[in-house]
Amino acid sequence: MPLPGHIRARKRAMCLEFTRNGPETAAAVTQFKRRHFIIGTVAAAGALGVGRLAAPPRQRLVGERPLAVGPGQVALNGWVKVGADNSVTVMMSQAEMGQGAHTGLAMLLADEMDAAWESVRLEQAPIDSLYNNQAMVVDSLPFAATNDGLIKQGTVHVVRRVLREVSGLTATGGSSSIKDQWLPLRQAGAAARAMLIGAAASAWHVRAAECTTESGTVRHPSGKSATYGELAAAAAQQPLPQDPPLKTPAQFRLIGTGLGRLDNQAKITGTAAFAIDALPPGLLYASIRMCPTIGGKVASFNAAPALALSGVRKVVAVDPVAGSMGGTGTIAGGVAVIADTPWHAMRALESVAVEWDHGPAASLSSQSIFAAIARALDTHEGSAHLQRGNVTQALQRAAKTITAEYRVPFLAHATMEPMNCTVQFVNGAATVWAATQAPNMARDALAKALGIDASKVDIRVPFLGGGFGRRFLSDCMIQAAQLARATAGAPVQLIWSREEDITHDFYRPAFIARCEGGLDASGRLIAWKLTSAGTNMGAPAFIGASSDGAANTPYNVPNLRIAHQPVESAMTMGIWRSVANSQNAFFIESFLDEVAASAGTDPIALRTTLLAGNTRARRVLQRAAQLSGWGTPPIATDGARRARGIALHCCFGSIVAQVAEVSVNAAREIRVHRVTCVIDCGVAVNPNLIRQQIEGGMIFGLSAALHGQITLEKGQVQQSNFHDYVPLRMSECPDIHTEIIADGKTPGGVGETGTPPIAPAVANAVFALTGQRLRELPLKLA
């Protein structure tokens with residue numbers, strides 16, 4: 001569908017602004033993909049339609065509807081409730097999937113409110129535009145990091161304002177939770193504190209400025225004091241401050257400290273509730289077997305043997321489910337058994353004979369997909385997402401050129417909690433227990449599957465046993481909804497086996513990238529061309545995301561072209577931890593190492609030169625080199641030779657450098673002994689959480705770098721469980737040393753930033769050790 005005329009004009013104006021304010025040329029910016037304007041189109045059209053373009057964005061303090069409160073509770077704004085028992089309940093819109101977001105977010109509000117940390121409680125926030133993830137949307141806008149022109153400022157202003165008017169964008173992803181709620185939660189805490197002080201001052205007939213707060217208590221120099229619980233009811237009658245003053249960093253009491261996680265105790269004792277733990281009365285269980293071929297479906301099946309077994313209620317055909325936001329392709333249809341227990345369901349499923357309609361993807365293979373990607377690179381130059389100077393002319397006049405081709409495979413998410421969902425559909429309404437990163441989208445998908453209005457779907461989000469982007473998709477939930485139609489109002493829990501999970505994922509796409517660099521007579525990199533090809537990272541809103549992490553490279557090369565050529569495929573594909581950064585860091589940092597070797601330059605010296613003017617990135621790079629002992633031979637206690645490799649990557653508003661120290665044994669197996677990580681993520685809200693995420697992200701990336709690979713034959717995924725889709729084992733885990741550079745006024749993203757640099761750091765270390773350049777993942781020596 002073509003864009004409306006006024007939106008096309010806005011797009012042209014944005015392109016002109018990019019040209020004036022960034023290094024990109026007009027030829028490059030006109031290639032920006034549709035995803036970059038989807039949100040802008042909605043925002044601008046909605047804003048123009050209601051005539052509010054000039055209006056300031058509403059404060060993110062009050063939602064569309066008042067918060068529901070329990071006995072003795074009052075809501076002081078849309079983010080916090082205070083109880084007569086002195087409890088402070090923080091409304092939590094973000095999913096907790098192991099990253100510690102619930103703790104970090106609660107710290108923001110509690111610090112500004114001066115709440116007693118032990119009194120803090122969490123509650124799932126309702127679906128409301130107040131909780132829309134503005135940072136995730138704004139970060140996707142097509143502006144260079146250095147561009148601060150009027151068009152950018154105006155566009156961000158419009159997007160943020162319209163995101164306060166429309167529901168549907170509550171989501172956990174893009175390493176954005178702390179970034180997005182850094183101000184709203186602090187403002188909510190400050191506003192609540194001001195209202196509590198106002199209530200105390202009114203009761204004591206003193207000036208509010210004379211009162212202070214500490215650990216959930218308001219105090220006055222006269223000796224009077226009252227707890228927040230005692231003041232809550234009166235505070236709710238105070239006017240809501242629209243611009244409450246915030247603390248300075250020197251006044252922070254919690255922010256910047258390593259507080260223990262709020263979910264620690266529950267997870268240690270086994271009382272933490274995940275989606276798979278849902279136990280509504282009368283619960284039935286379902287086990288599913290899907291067509292093993294991508295996008296296939298059921299042709300026929302014989303349910304009689306299964307129905308003859310005890311405990312079996314029904315055998316149901318399940319329709320294929322098309323991908324949605326964050327995923328392309330179609331999850332295969334299948335057959336599910338509904339029974340009294342999971343064991344009864346799994347046992348009965350084995351007796352169901354199914355004839356499959358394998359569909360058009362039955363001829364698909366990894367070999368044919370890579371061949372199609374290679375042909376696309378042979379015949380297309382790709383759409384430029386970043387362009388400086390004239391790379392063609394610069395390569396022609398270069399004293400020396402370097403070329404390289406890199407490949408990365410399909411990857412599964414393999415979350416520890418298997419895909420599952422519980423649905424009860426009764427009297428035209430549904431209650432859903434689901435591990436989802438996007439409850440709004442899940443609610444809408446479930447409503448469509450059940451043929452009801454979204455307001456009739458009550459979606460409950462417990463802890464998630466891992467997400468990594470997989471739980472943006474609603475396919476398992478839609479399947480559960482189909483089954484709930486067949487249970488006469490009884491709740492049913494669908495649980496995928498690990499085999500179904502590995503063979504029916506929305507996989508990280510496979511890519512090929514071709515790089516060409518040109519050096520002048522002095523060994524300086526004067527030209528660099530990177531063209532990648534592969535399928536797009538998810539649904540139409542993510543078109544163009546395949547160049548993220550490349551098109552915003554921090555390296556300053558005078559003649560540069562970053563381009564991507566999309567290739568269509570029936571393979572089911574979606575977003576994966578760090579999205580396109582996972583492959584583009586491998587392409588860029590591996591090639592830079594090749595350039596350094598060709599120029600006879602130290603890899604860190606080359607990067608330092610190319611980072612001229614980028615103080616933050618140079619500081620991270622130099623600190624990682626210093627901490628790792630770069631320039632001195634690694635010392636091995638076992639006598640094996642070791643070497644180091646480095647990689648640096650900027651993503652999600654943060655900068656990470658990693659140095660890997662590796663050896664190779666007699667069987668030519670790569671062993672990573674030590675990884676040094678340095679991150680500059682702006683304000684470090686909780687250093688312990690940051691270290692955990694950097695370490696976890698690095699291990700996730702190292703699993704993919706050394707082992708991760710999904711292959712396809714005759715349209716069927718060949719891996720099925722952790723024996724052949726292998727995660728990093730404990731015995732393989734390196735020593736990890738992480739340092740945080742806490743600098744800046746706002747926080748950057750953390751959850752995904754540790755993943756991209758590790759593969760190129762290891763590959764570069766292997767080259768330093770063996771002289772063999774590894775250009776394909778997973779890393780295997782010949």
# chains A, B, ... in the order shown; residues from 1 in each chain; ligands from 1
>>> residues_around(residues="Leu240 in chain A", least_positions_apart="2", cutoff="9 Å", atoms="only C-alpha atoms", output="PyMOL selection string")
chain A and resi 61+76-77+191-192+194-195+236-238+242
>>> write_last_selection(atoms="C-alpha atoms", output="CSV table (one decimal), in the first residue's frame")
chain,number,residue,atom,x,y,z
A,61,LEU,CA,2.2,9.4,35.0
A,76,LEU,CA,-0.8,7.7,43.6
A,77,ASN,CA,-0.3,7.5,39.9
A,191,ALA,CA,5.5,12.6,42.3
A,192,ALA,CA,4.4,10.0,44.9
A,194,ALA,CA,5.7,14.9,46.8
A,195,MET,CA,2.1,13.8,47.4
A,236,ALA,CA,-4.2,10.2,47.2
A,237,GLN,CA,-6.2,13.4,47.7
A,238,GLN,CA,-3.3,15.6,46.9
A,242,GLN,CA,3.2,17.4,36.7
>>> closest_atom_pairs(of="range 253-308 of chain A", to="range 424-431 of chain A", cutoff="10 Å", atoms="only C-alpha atoms", output="JSON lines")
{"residue": "A:Pro280", "atom": "CA", "partner": "A:Gln424", "partner_atom": "CA", "distance": 8.8}
{"residue": "A:Leu283", "atom": "CA", "partner": "A:Gln424", "partner_atom": "CA", "distance": 8.8}
{"residue": "A:Leu284", "atom": "CA", "partner": "A:Gln424", "partner_atom": "CA", "distance": 10.0}
>>> closest_residue(among="A:Glu112, A:Asp378, A:Glu350, A:Asp743", to="Gln251 in chain A", atoms="only C-alpha atoms")
A:Glu112
>>> closest_residue(among="A:Met290, A:Val678, A:Val461, A:Ala605", to="Pro126 in chain A", atoms="only C-alpha atoms")
A:Val461
>>> closest_residue(among="A:Gln59, A:Thr392, A:Gln94, A:Ser455", to="Leu183 in chain A", atoms="only C-alpha atoms")
A:Gln59
>>> residues_around(residues="Met730 in chain A", least_positions_apart="5", cutoff="12 Å", atoms="only C-alpha atoms", output="ChimeraX atom specification")
/A:699,703,735
>>> residues_around(residues="Asn686 in chain A", least_positions_apart="4", cutoff="9 Å", atoms="only C-alpha atoms", output="list in words")
Thr103, Gly104, Met107, Leu254, Ile255, Gly256, Thr257, Gly258, Leu259, Ile690 and Arg691 of chain A
>>> residues_around(residues="Ala612 in chain A", least_positions_apart="4", cutoff="10 Å", atoms="only C-alpha atoms", output="PyMOL selection string")
chain A and resi 554-556+607-608+617-618
>>> decode(residues="range 278-418 of chain A", atoms="C-alpha atoms", output="PDB file, in the first residue's frame")
ATOM      1  CA  ALA A 278      -0.163 -22.395  35.840  1.00  0.00           C
ATOM      2  CA  LEU A 279      -2.636 -24.647  37.688  1.00  0.00           C
ATOM      3  CA  PRO A 280      -6.196 -23.329  37.354  1.00  0.00           C
ATOM      4  CA  PRO A 281      -8.875 -25.711  38.694  1.00  0.00           C
ATOM      5  CA  GLY A 282      -9.833 -28.487  36.301  1.00  0.00           C
ATOM      6  CA  LEU A 283      -6.693 -28.083  34.185  1.00  0.00           C
ATOM      7  CA  LEU A 284      -6.246 -30.416  31.221  1.00  0.00           C
ATOM      8  CA  TYR A 285      -2.988 -30.942  29.367  1.00  0.00           C
ATOM      9  CA  ALA A 286      -2.151 -31.133  25.691  1.00  0.00           C
ATOM     10  CA  SER A 287       0.814 -32.512  23.797  1.00  0.00           C
ATOM     11  CA  ILE A 288       1.357 -31.725  20.125  1.00  0.00           C
ATOM     12  CA  ARG A 289       3.156 -33.252  17.161  1.00  0.00           C
ATOM     13  CA  MET A 290       3.572 -30.913  14.222  1.00  0.00           C
ATOM     14  CA  CYS A 291       4.357 -31.721  10.623  1.00  0.00           C
ATOM     15  CA  PRO A 292       8.156 -32.076  10.469  1.00  0.00           C
ATOM     16  CA  THR A 293       8.288 -30.050   7.257  1.00  0.00           C
ATOM     17  CA  ILE A 294       8.360 -26.250   7.374  1.00  0.00           C
ATOM     18  CA  GLY A 295       4.833 -24.929   6.813  1.00  0.00           C
ATOM     19  CA  GLY A 296       3.312 -28.395   6.395  1.00  0.00           C
ATOM     20  CA  LYS A 297      -0.075 -29.503   7.670  1.00  0.00           C
ATOM     21  CA  VAL A 298      -2.201 -32.532   8.510  1.00  0.00           C
ATOM     22  CA  ALA A 299      -3.641 -34.492   5.594  1.00  0.00           C
ATOM     23  CA  SER A 300      -5.393 -37.106   7.751  1.00  0.00           C
ATOM     24  CA  PHE A 301      -4.993 -38.895  11.066  1.00  0.00           C
ATOM     25  CA  ASN A 302      -6.371 -41.859  12.998  1.00  0.00           C
ATOM     26  CA  ALA A 303      -7.306 -40.888  16.564  1.00  0.00           C
ATOM     27  CA  ALA A 304      -8.937 -44.175  17.555  1.00  0.00           C
ATOM     28  CA  PRO A 305      -5.928 -45.815  19.273  1.00  0.00           C
ATOM     29  CA  ALA A 306      -5.280 -42.703  21.347  1.00  0.00           C
ATOM     30  CA  LEU A 307      -8.921 -42.247  22.320  1.00  0.00           C
ATOM     31  CA  ALA A 308      -8.984 -45.827  23.584  1.00  0.00           C
ATOM     32  CA  LEU A 309      -6.347 -45.028  26.225  1.00  0.00           C
ATOM     33  CA  SER A 310      -7.260 -43.988  29.761  1.00  0.00           C
ATOM     34  CA  GLY A 311      -7.076 -40.317  30.641  1.00  0.00           C
ATOM     35  CA  VAL A 312      -7.459 -39.121  27.044  1.00  0.00           C
ATOM     36  CA  ARG A 313     -10.188 -36.547  26.389  1.00  0.00           C
ATOM     37  CA  LYS A 314      -9.788 -35.509  22.758  1.00  0.00           C
ATOM     38  CA  VAL A 315      -7.521 -35.634  19.715  1.00  0.00           C
ATOM     39  CA  VAL A 316      -7.596 -32.377  17.766  1.00  0.00           C
ATOM     40  CA  ALA A 317      -6.109 -31.236  14.460  1.00  0.00           C
ATOM     41  CA  VAL A 318      -4.248 -27.934  14.871  1.00  0.00           C
ATOM     42  CA  ASP A 319      -4.044 -25.480  11.983  1.00  0.00           C
ATOM     43  CA  PRO A 320      -0.764 -23.962  10.744  1.00  0.00           C
ATOM     44  CA  VAL A 321       0.032 -20.564  12.276  1.00  0.00           C
ATOM     45  CA  ALA A 322       1.473 -17.763  10.191  1.00  0.00           C
ATOM     46  CA  GLY A 323       4.203 -15.552  11.596  1.00  0.00           C
ATOM     47  CA  SER A 324       3.369 -12.088  12.866  1.00  0.00           C
ATOM     48  CA  MET A 325       5.343  -9.129  14.191  1.00  0.00           C
ATOM     49  CA  GLY A 326       8.869 -10.442  14.689  1.00  0.00           C
ATOM     50  CA  GLY A 327       8.542 -13.577  12.543  1.00  0.00           C
ATOM     51  CA  THR A 328       8.060 -14.685   8.938  1.00  0.00           C
ATOM     52  CA  GLY A 329       6.919 -18.002   7.526  1.00  0.00           C
ATOM     53  CA  THR A 330       4.332 -20.424   8.858  1.00  0.00           C
ATOM     54  CA  ILE A 331       4.583 -22.810  11.793  1.00  0.00           C
ATOM     55  CA  ALA A 332       3.372 -26.218  10.622  1.00  0.00           C
ATOM     56  CA  GLY A 333       0.018 -27.648  11.552  1.00  0.00           C
ATOM     57  CA  GLY A 334      -0.240 -30.760  13.656  1.00  0.00           C
ATOM     58  CA  VAL A 335      -2.220 -33.058  15.905  1.00  0.00           C
ATOM     59  CA  ALA A 336      -2.689 -32.560  19.655  1.00  0.00           C
ATOM     60  CA  VAL A 337      -3.923 -34.916  22.334  1.00  0.00           C
ATOM     61  CA  ILE A 338      -5.832 -33.427  25.267  1.00  0.00           C
ATOM     62  CA  ALA A 339      -5.677 -35.537  28.424  1.00  0.00           C
ATOM     63  CA  ASP A 340      -5.837 -35.496  32.210  1.00  0.00           C
ATOM     64  CA  THR A 341      -2.068 -35.330  32.735  1.00  0.00           C
ATOM     65  CA  PRO A 342       0.980 -34.470  30.633  1.00  0.00           C
ATOM     66  CA  TRP A 343       2.069 -38.107  30.731  1.00  0.00           C
ATOM     67  CA  HIS A 344      -1.272 -39.350  29.411  1.00  0.00           C
ATOM     68  CA  ALA A 345      -1.143 -36.759  26.622  1.00  0.00           C
ATOM     69  CA  MET A 346       2.431 -37.584  25.586  1.00  0.00           C
ATOM     70  CA  ARG A 347       1.865 -41.348  25.697  1.00  0.00           C
ATOM     71  CA  ALA A 348      -1.348 -41.145  23.665  1.00  0.00           C
ATOM     72  CA  LEU A 349       0.229 -38.879  21.063  1.00  0.00           C
ATOM     73  CA  GLU A 350       2.675 -41.651  20.160  1.00  0.00           C
ATOM     74  CA  SER A 351      -0.250 -43.838  19.072  1.00  0.00           C
ATOM     75  CA  VAL A 352      -1.767 -41.279  16.678  1.00  0.00           C
ATOM     76  CA  ALA A 353      -0.998 -42.180  13.057  1.00  0.00           C
ATOM     77  CA  VAL A 354      -0.737 -39.045  10.911  1.00  0.00           C
ATOM     78  CA  GLU A 355      -0.459 -38.536   7.160  1.00  0.00           C
ATOM     79  CA  TRP A 356       1.251 -35.226   6.430  1.00  0.00           C
ATOM     80  CA  ASP A 357       0.820 -32.730   3.632  1.00  0.00           C
ATOM     81  CA  HIS A 358       4.434 -31.573   3.431  1.00  0.00           C
ATOM     82  CA  GLY A 359       3.651 -28.617   1.179  1.00  0.00           C
ATOM     83  CA  PRO A 360       5.946 -26.597  -1.107  1.00  0.00           C
ATOM     84  CA  ALA A 361       8.833 -26.354   1.399  1.00  0.00           C
ATOM     85  CA  ALA A 362       9.538 -30.091   1.124  1.00  0.00           C
ATOM     86  CA  SER A 363      12.381 -29.429  -1.325  1.00  0.00           C
ATOM     87  CA  LEU A 364      14.042 -26.782   0.842  1.00  0.00           C
ATOM     88  CA  SER A 365      17.578 -27.356   2.161  1.00  0.00           C
ATOM     89  CA  SER A 366      20.360 -25.365   3.771  1.00  0.00           C
ATOM     90  CA  GLN A 367      22.398 -25.864   0.612  1.00  0.00           C
ATOM     91  CA  SER A 368      19.663 -24.454  -1.629  1.00  0.00           C
ATOM     92  CA  ILE A 369      19.068 -21.500   0.684  1.00  0.00           C
ATOM     93  CA  PHE A 370      22.758 -20.543   0.790  1.00  0.00           C
ATOM     94  CA  ALA A 371      22.946 -20.972  -2.977  1.00  0.00           C
ATOM     95  CA  ALA A 372      20.033 -18.553  -3.390  1.00  0.00           C
ATOM     96  CA  ILE A 373      21.694 -16.054  -1.069  1.00  0.00           C
ATOM     97  CA  ALA A 374      24.959 -16.302  -2.994  1.00  0.00           C
ATOM     98  CA  ARG A 375      23.120 -15.774  -6.305  1.00  0.00           C
ATOM     99  CA  ALA A 376      21.478 -12.679  -4.881  1.00  0.00           C
ATOM    100  CA  LEU A 377      24.908 -11.256  -4.056  1.00  0.00           C
ATOM    101  CA  ASP A 378      26.153 -12.169  -7.526  1.00  0.00           C
ATOM    102  CA  THR A 379      23.321 -10.320  -9.243  1.00  0.00           C
ATOM    103  CA  HIS A 380      22.354  -7.468  -6.888  1.00  0.00           C
ATOM    104  CA  GLU A 381      24.302  -4.712  -5.189  1.00  0.00           C
ATOM    105  CA  GLY A 382      21.765  -4.440  -2.371  1.00  0.00           C
ATOM    106  CA  SER A 383      20.034  -1.401  -0.943  1.00  0.00           C
ATOM    107  CA  ALA A 384      22.467   0.999   0.701  1.00  0.00           C
ATOM    108  CA  HIS A 385      21.722   1.699   4.350  1.00  0.00           C
ATOM    109  CA  LEU A 386      24.855   3.779   4.879  1.00  0.00           C
ATOM    110  CA  GLN A 387      26.970   5.477   2.235  1.00  0.00           C
ATOM    111  CA  ARG A 388      29.874   7.918   2.452  1.00  0.00           C
ATOM    112  CA  GLY A 389      32.066   9.255  -0.282  1.00  0.00           C
ATOM    113  CA  ASN A 390      32.527   7.185  -3.447  1.00  0.00           C
ATOM    114  CA  VAL A 391      33.551   3.665  -2.513  1.00  0.00           C
ATOM    115  CA  THR A 392      33.853   2.459  -6.117  1.00  0.00           C
ATOM    116  CA  GLN A 393      36.358   5.131  -7.100  1.00  0.00           C
ATOM    117  CA  ALA A 394      38.261   4.761  -3.831  1.00  0.00           C
ATOM    118  CA  LEU A 395      38.658   1.009  -4.353  1.00  0.00           C
ATOM    119  CA  GLN A 396      39.920   1.613  -7.896  1.00  0.00           C
ATOM    120  CA  ARG A 397      42.657   3.943  -6.726  1.00  0.00           C
ATOM    121  CA  ALA A 398      43.600   1.879  -3.635  1.00  0.00           C
ATOM    122  CA  ALA A 399      47.190   0.662  -3.422  1.00  0.00           C
ATOM    123  CA  LYS A 400      45.945  -2.664  -2.060  1.00  0.00           C
ATOM    124  CA  THR A 401      42.541  -4.352  -1.800  1.00  0.00           C
ATOM    125  CA  ILE A 402      41.272  -7.083   0.498  1.00  0.00           C
ATOM    126  CA  THR A 403      38.174  -9.224  -0.076  1.00  0.00           C
ATOM    127  CA  ALA A 404      36.430 -11.731   2.181  1.00  0.00           C
ATOM    128  CA  GLU A 405      33.151 -13.604   2.384  1.00  0.00           C
ATOM    129  CA  TYR A 406      31.503 -14.543   5.682  1.00  0.00           C
ATOM    130  CA  ARG A 407      28.622 -16.899   6.447  1.00  0.00           C
ATOM    131  CA  VAL A 408      26.393 -17.439   9.458  1.00  0.00           C
ATOM    132  CA  PRO A 409      23.794 -20.222   9.835  1.00  0.00           C
ATOM    133  CA  PHE A 410      20.236 -20.433  11.041  1.00  0.00           C
ATOM    134  CA  LEU A 411      20.031 -20.421  14.843  1.00  0.00           C
ATOM    135  CA  ALA A 412      17.330 -21.558  17.266  1.00  0.00           C
ATOM    136  CA  HIS A 413      16.374 -19.753  20.466  1.00  0.00           C
ATOM    137  CA  ALA A 414      16.187 -22.890  22.644  1.00  0.00           C
ATOM    138  CA  THR A 415      14.726 -21.171  25.706  1.00  0.00           C
ATOM    139  CA  MET A 416      15.050 -23.240  28.875  1.00  0.00           C
ATOM    140  CA  GLU A 417      11.315 -23.102  29.551  1.00  0.00           C
ATOM    141  CA  PRO A 418       9.727 -24.972  26.633  1.00  0.00           C
TER     142      PRO A 418
END
